[in-house]
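For reference, the structure discussed in these notes is given below.
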Amino acid sequence: MSVRTQSSEPTEAVHRAGFACFVGRPNAGKSTLTNALVGQKVAITSNRPQTTRHTVRGIVHRPEAQLILVDTPGLHKPRTLLGERLNDVVRTTWAEVDVIGFCLPADQKIGPGDRFIAKELAGIKKTPKVAIVTKTDLVDSKTLAEQLIAIDRLAEELGFTWAEIVPVSATANKQVDLLADLLIPLLPEGPALYPEGDLTDEPEQVMVAELIREAALEGVRDELPHSIAVVVEEMLPREDRPADKPLLDIHANVYIERPSQKGIIIGPKGKRLKEVGIKSRKHIEALLGTPVFLDLHVKVAKDWQRDPKQLRRLGF
């Protein structure tokens, strides 16, 4: 078993570019890792499982390489139509990437969810697989060593070998650069696929909706973990503004499944919704680099997670 803790010698100067995706059961630290690698907030992070719904690509630019990260939803046993669609998205993504990073938290023993994913990975023969041990800041060295051995054995039992095993902590920014160093040689040779400076190819509207959704989840995780969807209806620069003082008007709807949930999101005297607006506006302004006026409305889309028509309308 080779566990990497420092980078090996640089190879001769060829340029590489390709796609990597992080997989792992929900809440294994995939989105946080994407954000740490890209150095900017591009994927929604929340310590509620199953919050990533879109394939958000983060792009790591290096002089010798371009690593495009595809952040898939967590693979899980589906209970609803939305769950099935999310799993289809995961499998399609796996088939199209150059390297797969399997995220396993250092602070949790390997469980049935991890085995379920590892089995699926074993079936994908050609793509190199890297085991990424996340959240290493939460454990001591003995626990980490035990986890590394268990992860090595897991692949052995299923008849494949990890291309690398890398312990990282995205929140403490430990070994994050090393991870990029190890993923890059596994990419095909080729020119950059995106212009320098791009961090993601998600349409801005989708990213804005994700930031609002993240802020809306913040205080109500336990009551409404997955019943929130956000659709940005329009983003328009306000007319009659001087060129040096632009303002972007954003109108967005926050959808929930039942009328009883409306009060939870809005909060007493609208306080909760106001907080969501203030919080998400800060992130949106940082993302778009312009002042924003955010207009939020809460609407009921009955049982949207089980209704194909509504799922389509809400972008799934």
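Each chain in the structure tokens gets a letter, A, B, ..., in the order shown, and its residues are numbered from 1; ligands are numbered from 1 in order too.
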
Within 10 Å of stretch 228-235 of chain A: each stretch 110-206 of chain A residue with its shortest pair, only C-alpha atoms, as JSON lines:
{"residue": "A:Glu204", "atom": "CA", "partner": "A:Met235", "partner_atom": "CA", "distance": 9.5}
{"residue": "A:Gln205", "atom": "CA", "partner": "A:Val232", "partner_atom": "CA", "distance": 6.2}
{"residue": "A:Val206", "atom": "CA", "partner": "A:Val232", "partner_atom": "CA", "distance": 7.5}

Polymer residues at most 7 Å from A:Trp162, only C-alpha atoms, same-chain spacing of 6 or more positions, as a VMD selection string: chain A and resid 129 to 131 155

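Distance annotation: of A:Ala170, A:Ile151, A:Ile110, A:Ala65, the residue with the minimal separation from A:Pro185 is A:Ala65; atom set is only C-alpha atoms.
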
Selected residue, from A:Pro78, A:Phe160, A:Ala216, A:Thr127, that lies nearest to A:Lys279 when counting only C-alpha atoms: A:Ala216

Spatial neighbours of stretch 102-108 of chain A, 9 Å, only C-alpha atoms, chain gap at least 3 places, as JSON, numbers by chain: {"A": [21, 22, 23, 24, 25, 27, 28, 29, 30, 111, 114, 117, 118, 121, 129, 130, 131, 132, 133, 134, 135, 136, 137, 138, 139, 143, 144, 147, 148, 151, 167]}

Take the residues just selected and output them with N, CA and C atoms as a short mmCIF file (atom, residue, chain, number, x, y, z; two decimals), in the first residue's frame.
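The result, written out as result-v2.cif:
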data_model
loop_
_atom_site.label_atom_id
_atom_site.label_comp_id
_atom_site.auth_asym_id
_atom_site.auth_seq_id
_atom_site.Cartn_x
_atom_site.Cartn_y
_atom_site.Cartn_z
N CYS A 21 -13.72 13.14 -10.97
CA CYS A 21 -14.91 13.35 -10.14
C CYS A 21 -14.69 12.72 -8.79
N PHE A 22 -15.28 13.34 -7.79
CA PHE A 22 -15.21 12.84 -6.43
C PHE A 22 -16.49 12.09 -6.14
N VAL A 23 -16.35 10.87 -5.66
CA VAL A 23 -17.53 10.11 -5.28
C VAL A 23 -17.41 9.78 -3.80
N GLY A 24 -18.49 9.26 -3.26
CA GLY A 24 -18.48 8.94 -1.85
C GLY A 24 -19.89 9.04 -1.36
N ARG A 25 -20.15 8.42 -0.21
CA ARG A 25 -21.52 8.51 0.26
C ARG A 25 -21.81 9.96 0.62
N ASN A 27 -22.24 13.41 2.26
CA ASN A 27 -21.57 14.02 3.40
C ASN A 27 -20.16 13.49 3.65
N ALA A 28 -19.48 13.01 2.60
CA ALA A 28 -18.11 12.52 2.78
C ALA A 28 -17.07 13.62 2.57
N GLY A 29 -17.55 14.85 2.31
CA GLY A 29 -16.61 15.97 2.16
C GLY A 29 -16.24 16.28 0.72
N LYS A 30 -17.05 15.83 -0.23
CA LYS A 30 -16.71 16.00 -1.65
C LYS A 30 -16.76 17.48 -2.07
N GLY A 111 -18.46 1.76 6.06
CA GLY A 111 -19.78 1.19 6.31
C GLY A 111 -20.39 0.62 5.04
N ASP A 114 -20.26 2.81 1.93
CA ASP A 114 -18.95 2.85 1.25
C ASP A 114 -18.74 1.59 0.42
N ILE A 117 -20.61 1.69 -2.86
CA ILE A 117 -19.94 2.51 -3.88
C ILE A 117 -18.68 1.80 -4.40
N ALA A 118 -17.90 1.23 -3.47
CA ALA A 118 -16.65 0.55 -3.87
C ALA A 118 -16.95 -0.59 -4.85
N LEU A 121 -17.52 0.87 -8.14
CA LEU A 121 -16.24 1.31 -8.69
C LEU A 121 -15.45 0.14 -9.26
N LYS A 129 -8.55 4.88 -10.00
CA LYS A 129 -9.32 5.26 -8.82
C LYS A 129 -8.36 5.65 -7.68
N VAL A 130 -8.60 6.83 -7.13
CA VAL A 130 -7.76 7.33 -6.04
C VAL A 130 -8.60 7.37 -4.76
N ALA A 131 -8.09 6.79 -3.69
CA ALA A 131 -8.81 6.86 -2.40
C ALA A 131 -8.38 8.14 -1.69
N ILE A 132 -9.36 8.98 -1.35
CA ILE A 132 -9.05 10.24 -0.67
C ILE A 132 -9.64 10.16 0.74
N VAL A 133 -8.75 10.17 1.73
CA VAL A 133 -9.23 10.09 3.12
C VAL A 133 -9.44 11.51 3.60
N THR A 134 -10.71 11.90 3.74
CA THR A 134 -11.04 13.30 4.07
C THR A 134 -11.15 13.50 5.58
N LYS A 135 -11.23 14.76 5.98
CA LYS A 135 -11.48 15.14 7.38
C LYS A 135 -10.41 14.60 8.34
N THR A 136 -9.14 14.56 7.87
CA THR A 136 -8.07 14.01 8.71
C THR A 136 -7.80 14.87 9.94
N ASP A 137 -8.27 16.14 9.90
CA ASP A 137 -8.07 17.01 11.07
C ASP A 137 -8.90 16.56 12.27
N LEU A 138 -9.85 15.64 12.03
CA LEU A 138 -10.74 15.22 13.13
C LEU A 138 -10.24 13.98 13.89
N VAL A 139 -9.11 13.39 13.44
CA VAL A 139 -8.66 12.14 14.09
C VAL A 139 -7.18 12.19 14.46
N THR A 143 -5.80 6.40 14.55
CA THR A 143 -7.09 6.18 13.87
C THR A 143 -6.91 6.32 12.37
N LEU A 144 -6.11 7.31 11.96
CA LEU A 144 -5.88 7.53 10.53
C LEU A 144 -5.18 6.31 9.91
N GLN A 147 -7.57 3.51 9.39
CA GLN A 147 -8.47 3.78 8.27
C GLN A 147 -7.77 3.52 6.93
N LEU A 148 -6.50 3.93 6.83
CA LEU A 148 -5.73 3.73 5.59
C LEU A 148 -5.60 2.25 5.27
N ILE A 151 -8.95 0.86 4.08
CA ILE A 151 -9.27 1.30 2.72
C ILE A 151 -8.48 0.48 1.70
N PRO A 167 -4.35 11.02 2.23
CA PRO A 167 -5.09 11.64 3.35
C PRO A 167 -5.09 13.17 3.19
#

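Interatomic distance, atom CA of A:Pro268 to atom CA of A:Ile250: 24.0 Å.
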
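Among A:Leu86, A:Ala286, A:Pro237, A:Ile212, the residue with the shortest atom-to-atom distance to A:Lys274, counting only C-alpha atoms, is A:Ile212.
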
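Relative to atom CA of A:Glu196, atom CA of A:Ala36 is found at 18.1 Å.
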
Residue neighbourhood A:Gly277, 12 Å, only C-alpha atoms, exclusion window fewer than 6 positions, as an MDAnalysis selection string: chainID A and resid 208:209 211:216 218 250:254 265:266 270:271 283:285 292:298

All strand (DSSP E or B) residues (DSSP, backbone) inside stretch 103-292 of chain A, as number ranges by chain: A: 103-105, 129-134, 164-167, 169, 174, 189, 229-237, 248-256, 292

Those of stretch 140-267 of chain A in DSSP helix (DSSP H, G or I), formatted as a PyMOL selection string: chain A and resi 141-158+176-186+204-218+259-266

Take the residues from that selection and write them out as a compact mmCIF listing (two decimals), in the first residue's frame, keeping N, CA and C atoms.
# COMPACT_ATOMS: atom_id res chain seq x y z
N SER A 141 -3.33 10.15 14.77
CA SER A 141 -2.58 9.40 13.75
C SER A 141 -2.88 7.90 13.79
N LYS A 142 -3.17 7.36 14.97
CA LYS A 142 -3.46 5.93 15.07
C LYS A 142 -4.76 5.59 14.32
N THR A 143 -5.80 6.40 14.55
CA THR A 143 -7.09 6.18 13.87
C THR A 143 -6.91 6.32 12.37
N LEU A 144 -6.11 7.31 11.96
CA LEU A 144 -5.88 7.53 10.53
C LEU A 144 -5.18 6.31 9.91
N ALA A 145 -4.17 5.80 10.60
CA ALA A 145 -3.43 4.64 10.08
C ALA A 145 -4.37 3.44 9.91
N GLU A 146 -5.24 3.23 10.89
CA GLU A 146 -6.20 2.10 10.81
C GLU A 146 -7.13 2.27 9.61
N GLN A 147 -7.57 3.51 9.39
CA GLN A 147 -8.47 3.78 8.27
C GLN A 147 -7.77 3.52 6.93
N LEU A 148 -6.50 3.93 6.83
CA LEU A 148 -5.73 3.73 5.59
C LEU A 148 -5.60 2.25 5.27
N ILE A 149 -5.34 1.45 6.30
CA ILE A 149 -5.20 0.00 6.09
C ILE A 149 -6.54 -0.59 5.65
N ALA A 150 -7.63 -0.16 6.32
CA ALA A 150 -8.98 -0.67 5.99
C ALA A 150 -9.34 -0.34 4.54
N ILE A 151 -8.95 0.86 4.08
CA ILE A 151 -9.27 1.30 2.72
C ILE A 151 -8.48 0.48 1.70
N ASP A 152 -7.23 0.21 2.03
CA ASP A 152 -6.40 -0.61 1.15
C ASP A 152 -7.01 -2.00 1.01
N ARG A 153 -7.44 -2.56 2.14
CA ARG A 153 -8.05 -3.92 2.14
C ARG A 153 -9.34 -3.96 1.35
N LEU A 154 -10.12 -2.88 1.45
CA LEU A 154 -11.41 -2.83 0.77
C LEU A 154 -11.22 -3.07 -0.74
N ALA A 155 -10.23 -2.40 -1.34
CA ALA A 155 -9.98 -2.58 -2.77
C ALA A 155 -9.50 -3.99 -3.06
N GLU A 156 -8.63 -4.49 -2.18
CA GLU A 156 -8.09 -5.84 -2.35
C GLU A 156 -9.21 -6.88 -2.39
N GLU A 157 -10.14 -6.75 -1.44
CA GLU A 157 -11.29 -7.69 -1.37
C GLU A 157 -12.10 -7.66 -2.66
N LEU A 158 -12.21 -6.47 -3.26
CA LEU A 158 -13.05 -6.33 -4.45
C LEU A 158 -12.27 -6.50 -5.75
N VAL A 176 -3.95 19.34 0.26
CA VAL A 176 -4.89 19.58 -0.83
C VAL A 176 -4.12 19.76 -2.14
N ASP A 177 -3.01 20.52 -2.09
CA ASP A 177 -2.19 20.71 -3.30
C ASP A 177 -1.57 19.40 -3.74
N LEU A 178 -1.16 18.60 -2.76
CA LEU A 178 -0.58 17.29 -3.07
C LEU A 178 -1.59 16.44 -3.84
N LEU A 179 -2.83 16.51 -3.42
CA LEU A 179 -3.88 15.73 -4.11
C LEU A 179 -3.94 16.12 -5.59
N ALA A 180 -3.91 17.42 -5.86
CA ALA A 180 -3.91 17.88 -7.26
C ALA A 180 -2.67 17.36 -7.98
N ASP A 181 -1.50 17.41 -7.30
CA ASP A 181 -0.25 16.90 -7.90
C ASP A 181 -0.38 15.43 -8.31
N LEU A 182 -1.13 14.67 -7.52
CA LEU A 182 -1.25 13.23 -7.80
C LEU A 182 -2.34 12.91 -8.81
N LEU A 183 -3.35 13.78 -8.89
CA LEU A 183 -4.43 13.53 -9.87
C LEU A 183 -3.97 13.90 -11.28
N ILE A 184 -3.14 14.94 -11.39
CA ILE A 184 -2.74 15.45 -12.71
C ILE A 184 -2.05 14.41 -13.60
N PRO A 185 -1.07 13.62 -13.07
CA PRO A 185 -0.43 12.63 -13.94
C PRO A 185 -1.40 11.56 -14.47
N LEU A 186 -2.56 11.44 -13.85
CA LEU A 186 -3.54 10.44 -14.29
C LEU A 186 -4.43 10.97 -15.42
N GLU A 204 -24.27 30.95 -14.47
CA GLU A 204 -24.30 31.74 -13.24
C GLU A 204 -25.62 31.60 -12.51
N GLN A 205 -26.71 31.51 -13.27
CA GLN A 205 -28.02 31.41 -12.62
C GLN A 205 -28.12 30.18 -11.71
N VAL A 206 -27.55 29.06 -12.18
CA VAL A 206 -27.59 27.83 -11.38
C VAL A 206 -26.77 28.00 -10.11
N MET A 207 -25.60 28.64 -10.24
CA MET A 207 -24.76 28.84 -9.06
C MET A 207 -25.42 29.79 -8.05
N VAL A 208 -26.08 30.82 -8.57
CA VAL A 208 -26.78 31.76 -7.68
C VAL A 208 -27.89 31.01 -6.94
N ALA A 209 -28.64 30.17 -7.67
CA ALA A 209 -29.70 29.38 -7.03
C ALA A 209 -29.13 28.48 -5.94
N GLU A 210 -27.95 27.87 -6.20
CA GLU A 210 -27.32 26.99 -5.20
C GLU A 210 -26.93 27.76 -3.95
N LEU A 211 -26.41 28.99 -4.14
CA LEU A 211 -26.01 29.80 -2.98
C LEU A 211 -27.22 30.18 -2.13
N ILE A 212 -28.34 30.49 -2.80
CA ILE A 212 -29.57 30.83 -2.05
C ILE A 212 -30.05 29.58 -1.30
N ARG A 213 -29.98 28.43 -2.00
CA ARG A 213 -30.45 27.19 -1.38
C ARG A 213 -29.61 26.82 -0.16
N GLU A 214 -28.31 27.05 -0.27
CA GLU A 214 -27.42 26.76 0.85
C GLU A 214 -27.78 27.62 2.05
N ALA A 215 -28.02 28.91 1.80
CA ALA A 215 -28.38 29.83 2.89
C ALA A 215 -29.74 29.45 3.48
N ALA A 216 -30.66 29.00 2.62
CA ALA A 216 -32.00 28.63 3.10
C ALA A 216 -31.94 27.37 3.96
N LEU A 217 -31.01 26.47 3.64
CA LEU A 217 -30.88 25.23 4.42
C LEU A 217 -30.29 25.47 5.80
N GLU A 218 -29.47 26.52 5.87
CA GLU A 218 -28.67 26.77 7.07
C GLU A 218 -29.37 26.54 8.40
N PRO A 259 -47.58 23.53 2.34
CA PRO A 259 -47.87 24.86 2.90
C PRO A 259 -47.35 25.02 4.32
N SER A 260 -47.36 23.92 5.11
CA SER A 260 -46.92 24.01 6.51
C SER A 260 -45.45 24.38 6.63
N GLN A 261 -44.68 24.17 5.54
CA GLN A 261 -43.24 24.46 5.60
C GLN A 261 -42.95 25.95 5.34
N LYS A 262 -43.97 26.64 4.84
CA LYS A 262 -43.77 28.04 4.46
C LYS A 262 -43.33 28.88 5.66
N GLY A 263 -44.04 28.67 6.78
CA GLY A 263 -43.74 29.44 8.00
C GLY A 263 -42.32 29.19 8.50
N ILE A 264 -41.83 27.96 8.31
CA ILE A 264 -40.49 27.61 8.79
C ILE A 264 -39.45 28.43 8.02
N ILE A 265 -39.62 28.52 6.70
CA ILE A 265 -38.66 29.23 5.85
C ILE A 265 -38.74 30.74 6.07
N ILE A 266 -39.99 31.25 6.19
CA ILE A 266 -40.16 32.70 6.32
C ILE A 266 -39.77 33.18 7.72

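Compared by their closest atoms to A:Val38, and using only C-alpha atoms, the residues A:His61, A:Arg85, A:Arg16, A:Lys282 rank with A:His61 nearest.
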
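The two atoms in question, atom CA of A:Arg79 and atom CA of A:Phe116, are spaced 15.8 Å apart.
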
Residues near A:Leu69, cut-off 8 Å, only C-alpha atoms, skip fewer than 4 positions along chain, as a ChimeraX atom specification: /A:19-22,34,56-60

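Nearest to A:Gly267 of all the residues A:Val220, A:Ala243, A:Leu288, A:Leu193 is A:Val220, counting only C-alpha atoms.
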